[in-house]
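Here the structure comes first, spelled out in structure tokens, and everything after it is commentary.
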Amino acid sequence: MKNKKYNNLINGQLQGAAEYLSIFSPIDGSLIGETPSMSQKDIDGVMEAAKAAQPSWEKIPRKEKAKLLYKTADLLEQHVDEIAEIMMWEIAKSLKDAKNEIIRTADLLRYTADIGVESTGEIISGGSFDSTAENKHAFITRKAMGVVLAIASFNYPVNLAASKIGPALMGGNAVVVKPASQGAISTLSLIKAFIDAGIPAGVVNSVTGKGSIIGDYIVTHSLVNFINFTGSTKVGEHIGKLAGIKPILCELGGKDAALVLPDADLDLTAKEIVAGAFSYSGQRCTAIKRVLVTSENADKLTNKLQKIVKELSVGMPQDNPTIVPVINNAAVEQTRLLDEDAIKKGATAILPLKIEKNLVYPTLLDHVTGDMDLAWVEPFSPILPIIRVQSVEEMIEVANASEYGLQSSVFSNDLQQAQKVSNALDVGTVQINNRTQRGPDNFPFLGIKKSGIGIQGIKYSIESMTQMKSIVVDM
Ligand code: NAP
């Protein structure tokens, strides 16, 4: 698979560009392949193709659309080994996790098809103090937005793209996908599966090129009707400013906290925290990125965490370890600076930072305090700060002081108390006695504050990417 020229799928055809972007593997720096670096003229062609294809696609019965999603899911499963191999080299995800992502995506597409088929409209009768209002009936349906621009981050190049494309298609939209440059080859395999399944030409297309170069042009393109973005808060805010009143959905950064209440089962808590914080080297928006614990439990919990983290496997993705190389040198450097700042200001290294090229060993820092960047900044690497607090009230205060609001975990044996704390947390989702995570895919998935805007999750994604249309009849 290595060293190949990959092309975009536009209007059902493979299309290259005058210039190509070299993609190197985070595993060993080897050249994996090249993807087109599209020009503005190329991009105009993609948007026009999508715009032209959308009206006929919207008219296709939902059951027919669903069949094509099922077929895409079957193709993904048939090609799981091949796509997983690409993903492993491209984003250094363990082969096992890459396969899981693809299988989960096939499942997501089938579920999206089923839910999409069931999406129906409603009829409501008018109501007001004016009795004639009751003679009026509104027939409410949902119409497609038009062309959806789907921009995704590198860490789930198949699943994240599919979680946008599937619901957009069931809502009757055409889609233009801009994958992360590091991850684009994996996403192109997904797009190929849609095309091979028989999705009509122009309905699903891809655009590749550096976001910093083509991003502003695609986001402000007059033929784009909706933007569905996943990535950092910095880029999300930039896109939000450019989008103006164009509807937009953003899944952004996070600093998910695990709140360990005094009565928590510490064995379960430690196990969940480690799984939540370190899988895929912490390169997940929903990774646990800080632990808040009261002083009475802090020593016990720290010991338990240390034991489990020490046992985590570290290595190259081919061997399926938990800790794999992080995506690039910038992620390594950010981790080094966060660690340096914390240690300088008095944090204790329970498991000290160790770096070999872009392999960052699992790092556990205790006694992290509010004056340290690590307490607030989102790392995308396996470094976990433990913040000691005096009370549950202080724990909630520290959790809510973050600019992010994606998820939190609350660990407690007292469900009532856990619910009370959950209610007080400014996040989209709270997981009780469980690690923070995306899914099941039919649950609402959302971030508040700087973690996002809008709601994903199959039914909610379809709703987000469609608009209500109301036709009123006066009987
Ligand atoms: P990123 O650097 O923000 O990139 C995300 C996407 O935006 C990429 O496709 C990138 O393209 C593109 N992009 C860059 N500049 C752009 C511009 N000016 N206009 C339009 N698009 C532009 O994020 P990342 O490093 O890939 O992913 C990590 C971040 O994503 C973390 O903050 C993580 O928390 C967040 N994330 C959030 C969720 C969630 O559900 N909340 C899920 C996953 C990840 P290039 O690759 O070509 O630069």
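By convention here, the chains of the structure tokens are called A, B, ... in the order presented, each chain's residues are numbered starting at 1, and ligands are numbered starting at 1 in the order presented.
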
Please identify the residues whose atoms come within 7 Å of ligand 1, using only C-alpha atoms and all ligand atoms, and report them as number ranges by chain. A: 151-155, 178-182, 209-212, 214-216, 219, 230-236, 238-239, 251-254, 284-285, 380, 406, 447, 451-452

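Neighbours of Thr187 (chain A) closer than or equal to 9 Å, with only C-alpha atoms counted and sequence neighbours fewer than 5 positions away skipped, come out as Met87, Pro157, Val158, Asn159, Ala161, Ala162, Val177, Pro179, Ala180, Lys192 and Ser206 of chain A.
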
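Among the candidate residues A:Val309, A:Met372, A:Leu259, A:Ala347, the one lying nearest to Val430 (chain A) is A:Leu259, with distances computed using only C-alpha atoms.
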
Within 9 Å of region 120-129 of chain A using only C-alpha atoms, minus same-chain residues under 6 positions, as a compact mmCIF listing (two decimals) with all heavy atoms, in the first residue's frame:
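Saved as part-v9.txt:
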# COMPACT_ATOMS: atom_id res chain seq x y z
N ASN A 135 -58.76 25.24 13.46
CA ASN A 135 -59.04 24.74 12.10
C ASN A 135 -57.78 24.61 11.27
O ASN A 135 -57.80 24.07 10.17
CB ASN A 135 -60.00 25.70 11.36
CG ASN A 135 -61.35 25.71 12.02
OD1 ASN A 135 -61.72 24.73 12.66
ND2 ASN A 135 -62.08 26.82 11.89
N LYS A 136 -56.70 25.16 11.78
CA LYS A 136 -55.45 25.13 11.00
C LYS A 136 -54.60 23.93 11.41
O LYS A 136 -54.50 23.61 12.60
CB LYS A 136 -54.65 26.42 11.25
CG LYS A 136 -55.30 27.61 10.60
CD LYS A 136 -54.44 28.83 10.76
CE LYS A 136 -55.10 30.02 10.05
NZ LYS A 136 -54.53 31.28 10.47
N HIS A 137 -54.00 23.31 10.42
CA HIS A 137 -53.14 22.15 10.69
C HIS A 137 -51.81 22.35 9.98
O HIS A 137 -51.80 22.72 8.80
CB HIS A 137 -53.82 20.86 10.22
CG HIS A 137 -55.15 20.66 10.86
ND1 HIS A 137 -55.31 20.12 12.12
CD2 HIS A 137 -56.40 20.98 10.43
CE1 HIS A 137 -56.57 20.09 12.43
NE2 HIS A 137 -57.27 20.63 11.43
N ALA A 138 -50.77 22.10 10.71
CA ALA A 138 -49.43 22.26 10.10
C ALA A 138 -48.86 20.88 9.78
O ALA A 138 -48.80 20.00 10.65
CB ALA A 138 -48.51 23.00 11.06
N PHE A 139 -48.48 20.68 8.53
CA PHE A 139 -47.82 19.44 8.11
C PHE A 139 -46.32 19.74 8.15
O PHE A 139 -45.81 20.53 7.35
CB PHE A 139 -48.25 19.08 6.69
CG PHE A 139 -49.69 18.66 6.61
CD1 PHE A 139 -50.72 19.61 6.69
CD2 PHE A 139 -50.04 17.32 6.48
CE1 PHE A 139 -52.05 19.23 6.64
CE2 PHE A 139 -51.38 16.94 6.43
CZ PHE A 139 -52.39 17.89 6.51
N ILE A 140 -45.66 19.09 9.11
CA ILE A 140 -44.24 19.44 9.33
C ILE A 140 -43.34 18.32 8.82
O ILE A 140 -43.45 17.17 9.26
CB ILE A 140 -43.98 19.72 10.82
CG1 ILE A 140 -44.88 20.88 11.27
CG2 ILE A 140 -42.52 20.06 11.07
CD1 ILE A 140 -45.04 21.00 12.75
N THR A 141 -42.51 18.65 7.89
CA THR A 141 -41.57 17.65 7.37
C THR A 141 -40.15 18.21 7.52
O THR A 141 -39.97 19.36 7.93
CB THR A 141 -41.82 17.39 5.86
OG1 THR A 141 -41.83 18.64 5.19
CG2 THR A 141 -43.13 16.66 5.63
N ARG A 142 -39.18 17.39 7.18
CA ARG A 142 -37.80 17.88 7.23
C ARG A 142 -37.21 17.82 5.82
O ARG A 142 -37.36 16.82 5.12
CB ARG A 142 -36.96 17.06 8.20
CG ARG A 142 -37.47 17.14 9.63
CD ARG A 142 -36.41 16.74 10.62
NE ARG A 142 -35.47 17.82 10.85
CZ ARG A 142 -35.57 18.74 11.82
NH1 ARG A 142 -36.57 18.70 12.66
NH2 ARG A 142 -34.67 19.69 11.95

At a cut-off of 10 Å, can you tabulate as JSON lines every residue of region 106-221 of chain A near region 31-46 of chain A together with its closest atom pair and the distance in Å to one decimal, using only C-alpha atoms and ordering rows by chain then number?
{"residue": "A:Val175", "atom": "CA", "partner": "A:Val46", "partner_atom": "CA", "distance": 9.9}
{"residue": "A:Val176", "atom": "CA", "partner": "A:Val46", "partner_atom": "CA", "distance": 7.6}
{"residue": "A:Ser181", "atom": "CA", "partner": "A:Thr35", "partner_atom": "CA", "distance": 8.2}
{"residue": "A:Gln182", "atom": "CA", "partner": "A:Thr35", "partner_atom": "CA", "distance": 9.9}
{"residue": "A:Ala184", "atom": "CA", "partner": "A:Thr35", "partner_atom": "CA", "distance": 7.5}
{"residue": "A:Ile185", "atom": "CA", "partner": "A:Thr35", "partner_atom": "CA", "distance": 7.3}
{"residue": "A:Leu188", "atom": "CA", "partner": "A:Thr35", "partner_atom": "CA", "distance": 9.5}
{"residue": "A:Gly202", "atom": "CA", "partner": "A:Val46", "partner_atom": "CA", "distance": 7.8}
{"residue": "A:Val204", "atom": "CA", "partner": "A:Val46", "partner_atom": "CA", "distance": 9.7}
{"residue": "A:Asn205", "atom": "CA", "partner": "A:Val46", "partner_atom": "CA", "distance": 7.0}
{"residue": "A:Ser206", "atom": "CA", "partner": "A:Val46", "partner_atom": "CA", "distance": 7.8}
{"residue": "A:Val207", "atom": "CA", "partner": "A:Ile43", "partner_atom": "CA", "distance": 7.0}
{"residue": "A:Thr208", "atom": "CA", "partner": "A:Pro36", "partner_atom": "CA", "distance": 5.9}
{"residue": "A:Gly209", "atom": "CA", "partner": "A:Ser37", "partner_atom": "CA", "distance": 4.2}
{"residue": "A:Lys210", "atom": "CA", "partner": "A:Ser37", "partner_atom": "CA", "distance": 7.1}
{"residue": "A:Ile213", "atom": "CA", "partner": "A:Ser37", "partner_atom": "CA", "distance": 9.3}
{"residue": "A:Ile214", "atom": "CA", "partner": "A:Gln40", "partner_atom": "CA", "distance": 7.5}
{"residue": "A:Tyr217", "atom": "CA", "partner": "A:Gln40", "partner_atom": "CA", "distance": 7.3}
{"residue": "A:Ile218", "atom": "CA", "partner": "A:Ile43", "partner_atom": "CA", "distance": 7.4}
{"residue": "A:His221", "atom": "CA", "partner": "A:Asp44", "partner_atom": "CA", "distance": 8.3}

All heavy atoms of the current selection, written as a compact mmCIF listing (two decimals), in the first residue's frame:
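So the final result, stored in selection-v6.txt, reads:
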# COMPACT_ATOMS: atom_id res chain seq x y z
N VAL A 175 -22.78 15.50 0.08
CA VAL A 175 -21.72 15.74 1.06
C VAL A 175 -20.38 15.96 0.37
O VAL A 175 -20.04 15.25 -0.58
CB VAL A 175 -21.58 14.55 2.04
CG1 VAL A 175 -20.65 14.90 3.19
CG2 VAL A 175 -22.93 14.11 2.57
N VAL A 176 -19.65 16.94 0.87
CA VAL A 176 -18.25 17.13 0.47
C VAL A 176 -17.42 16.93 1.74
O VAL A 176 -17.60 17.65 2.72
CB VAL A 176 -18.01 18.53 -0.12
CG1 VAL A 176 -16.53 18.76 -0.39
CG2 VAL A 176 -18.83 18.72 -1.39
N SER A 181 -5.52 16.08 6.87
CA SER A 181 -4.47 15.67 5.93
C SER A 181 -3.83 14.37 6.39
O SER A 181 -3.58 13.47 5.59
CB SER A 181 -3.43 16.77 5.79
OG SER A 181 -4.03 17.87 5.16
N GLN A 182 -3.55 14.27 7.72
CA GLN A 182 -3.02 13.01 8.26
C GLN A 182 -4.24 12.17 8.61
O GLN A 182 -4.84 12.36 9.67
CB GLN A 182 -2.17 13.31 9.50
CG GLN A 182 -1.29 12.17 9.94
CD GLN A 182 -0.04 12.02 9.09
OE1 GLN A 182 0.55 13.02 8.69
NE2 GLN A 182 0.37 10.79 8.81
N ALA A 184 -6.26 11.31 5.71
CA ALA A 184 -7.03 11.44 4.47
C ALA A 184 -7.07 10.13 3.67
O ALA A 184 -8.10 9.79 3.08
CB ALA A 184 -6.43 12.55 3.61
N ILE A 185 -5.98 9.38 3.71
CA ILE A 185 -5.96 8.15 2.89
C ILE A 185 -7.00 7.17 3.44
O ILE A 185 -7.73 6.53 2.68
CB ILE A 185 -4.55 7.52 2.86
CG1 ILE A 185 -3.54 8.55 2.32
CG2 ILE A 185 -4.53 6.28 1.98
CD1 ILE A 185 -2.09 8.09 2.31
N LEU A 188 -10.40 8.38 2.42
CA LEU A 188 -10.66 8.13 0.99
C LEU A 188 -11.14 6.68 0.76
O LEU A 188 -11.95 6.42 -0.12
CB LEU A 188 -9.42 8.43 0.14
CG LEU A 188 -9.06 9.93 0.02
CD1 LEU A 188 -7.78 10.12 -0.79
CD2 LEU A 188 -10.20 10.73 -0.60
N GLY A 202 -21.63 12.42 -7.53
CA GLY A 202 -21.77 13.78 -7.03
C GLY A 202 -22.39 13.87 -5.63
O GLY A 202 -22.34 14.92 -4.99
N VAL A 204 -21.56 11.96 -2.84
CA VAL A 204 -20.49 11.97 -1.83
C VAL A 204 -19.18 12.26 -2.56
O VAL A 204 -18.83 11.57 -3.51
CB VAL A 204 -20.37 10.61 -1.10
CG1 VAL A 204 -19.24 10.64 -0.09
CG2 VAL A 204 -21.67 10.26 -0.39
N ASN A 205 -18.47 13.26 -2.10
CA ASN A 205 -17.22 13.69 -2.76
C ASN A 205 -16.17 14.01 -1.70
O ASN A 205 -16.52 14.26 -0.54
CB ASN A 205 -17.45 14.98 -3.57
CG ASN A 205 -18.70 14.92 -4.40
OD1 ASN A 205 -18.70 14.44 -5.51
ND2 ASN A 205 -19.84 15.40 -3.85
N SER A 206 -14.93 14.04 -2.11
CA SER A 206 -13.89 14.42 -1.15
C SER A 206 -13.05 15.58 -1.69
O SER A 206 -12.95 15.78 -2.90
CB SER A 206 -12.98 13.22 -0.87
OG SER A 206 -12.43 12.74 -2.07
N VAL A 207 -12.49 16.30 -0.75
CA VAL A 207 -11.60 17.42 -1.08
C VAL A 207 -10.39 17.28 -0.16
O VAL A 207 -10.55 17.23 1.06
CB VAL A 207 -12.31 18.76 -0.76
CG1 VAL A 207 -11.31 19.87 -0.66
CG2 VAL A 207 -13.35 19.09 -1.80
N THR A 208 -9.20 17.16 -0.72
CA THR A 208 -8.02 17.08 0.13
C THR A 208 -7.09 18.28 -0.11
O THR A 208 -7.14 18.91 -1.16
CB THR A 208 -7.23 15.77 -0.12
OG1 THR A 208 -7.00 15.65 -1.53
CG2 THR A 208 -7.99 14.56 0.36
N GLY A 209 -6.27 18.52 0.88
CA GLY A 209 -5.35 19.67 0.84
C GLY A 209 -5.23 20.19 2.26
O GLY A 209 -6.09 19.89 3.11
N LYS A 210 -4.21 20.94 2.54
CA LYS A 210 -3.99 21.46 3.90
C LYS A 210 -5.12 22.39 4.32
O LYS A 210 -5.45 23.35 3.59
CB LYS A 210 -2.67 22.22 3.94
CG LYS A 210 -1.48 21.33 4.19
CD LYS A 210 -1.26 21.22 5.68
CE LYS A 210 -0.48 20.02 6.10
NZ LYS A 210 -0.90 19.41 7.35
N ILE A 213 -4.53 26.01 4.11
CA ILE A 213 -4.48 26.63 2.77
C ILE A 213 -5.87 26.69 2.13
O ILE A 213 -6.30 27.74 1.65
CB ILE A 213 -3.49 25.85 1.86
CG1 ILE A 213 -2.09 25.94 2.45
CG2 ILE A 213 -3.50 26.39 0.43
CD1 ILE A 213 -1.06 25.04 1.80
N ILE A 214 -6.60 25.57 2.15
CA ILE A 214 -7.90 25.56 1.45
C ILE A 214 -9.09 25.77 2.39
O ILE A 214 -10.21 25.97 1.94
CB ILE A 214 -8.12 24.24 0.65
CG1 ILE A 214 -8.12 23.02 1.61
CG2 ILE A 214 -7.09 24.07 -0.44
CD1 ILE A 214 -8.64 21.74 0.95
N TYR A 217 -11.37 28.85 2.08
CA TYR A 217 -12.09 28.86 0.80
C TYR A 217 -13.29 27.91 0.82
O TYR A 217 -14.39 28.28 0.39
CB TYR A 217 -11.13 28.48 -0.34
CG TYR A 217 -11.74 28.72 -1.71
CD1 TYR A 217 -11.96 30.03 -2.17
CD2 TYR A 217 -12.13 27.67 -2.52
CE1 TYR A 217 -12.55 30.26 -3.41
CE2 TYR A 217 -12.72 27.90 -3.76
CZ TYR A 217 -12.92 29.20 -4.20
OH TYR A 217 -13.51 29.43 -5.41
N ILE A 218 -13.09 26.71 1.38
CA ILE A 218 -14.23 25.76 1.37
C ILE A 218 -15.32 26.19 2.35
O ILE A 218 -16.50 26.07 2.07
CB ILE A 218 -13.80 24.29 1.62
CG1 ILE A 218 -12.96 24.13 2.90
CG2 ILE A 218 -13.04 23.72 0.44
CD1 ILE A 218 -12.63 22.66 3.24
N HIS A 221 -17.41 28.90 0.90
CA HIS A 221 -17.89 28.67 -0.47
C HIS A 221 -19.41 28.87 -0.53
O HIS A 221 -20.15 28.35 0.29
CB HIS A 221 -17.53 27.25 -0.92
CG HIS A 221 -17.48 27.12 -2.40
ND1 HIS A 221 -18.63 27.06 -3.16
CD2 HIS A 221 -16.45 27.09 -3.27
CE1 HIS A 221 -18.29 26.98 -4.44
NE2 HIS A 221 -16.97 27.00 -4.53

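For the residues A:Gly146, A:Gly171, A:Gly29, A:Pro385, ranking by smallest atom-to-atom distance to Leu305 (chain A) using only C-alpha atoms places A:Pro385 first.
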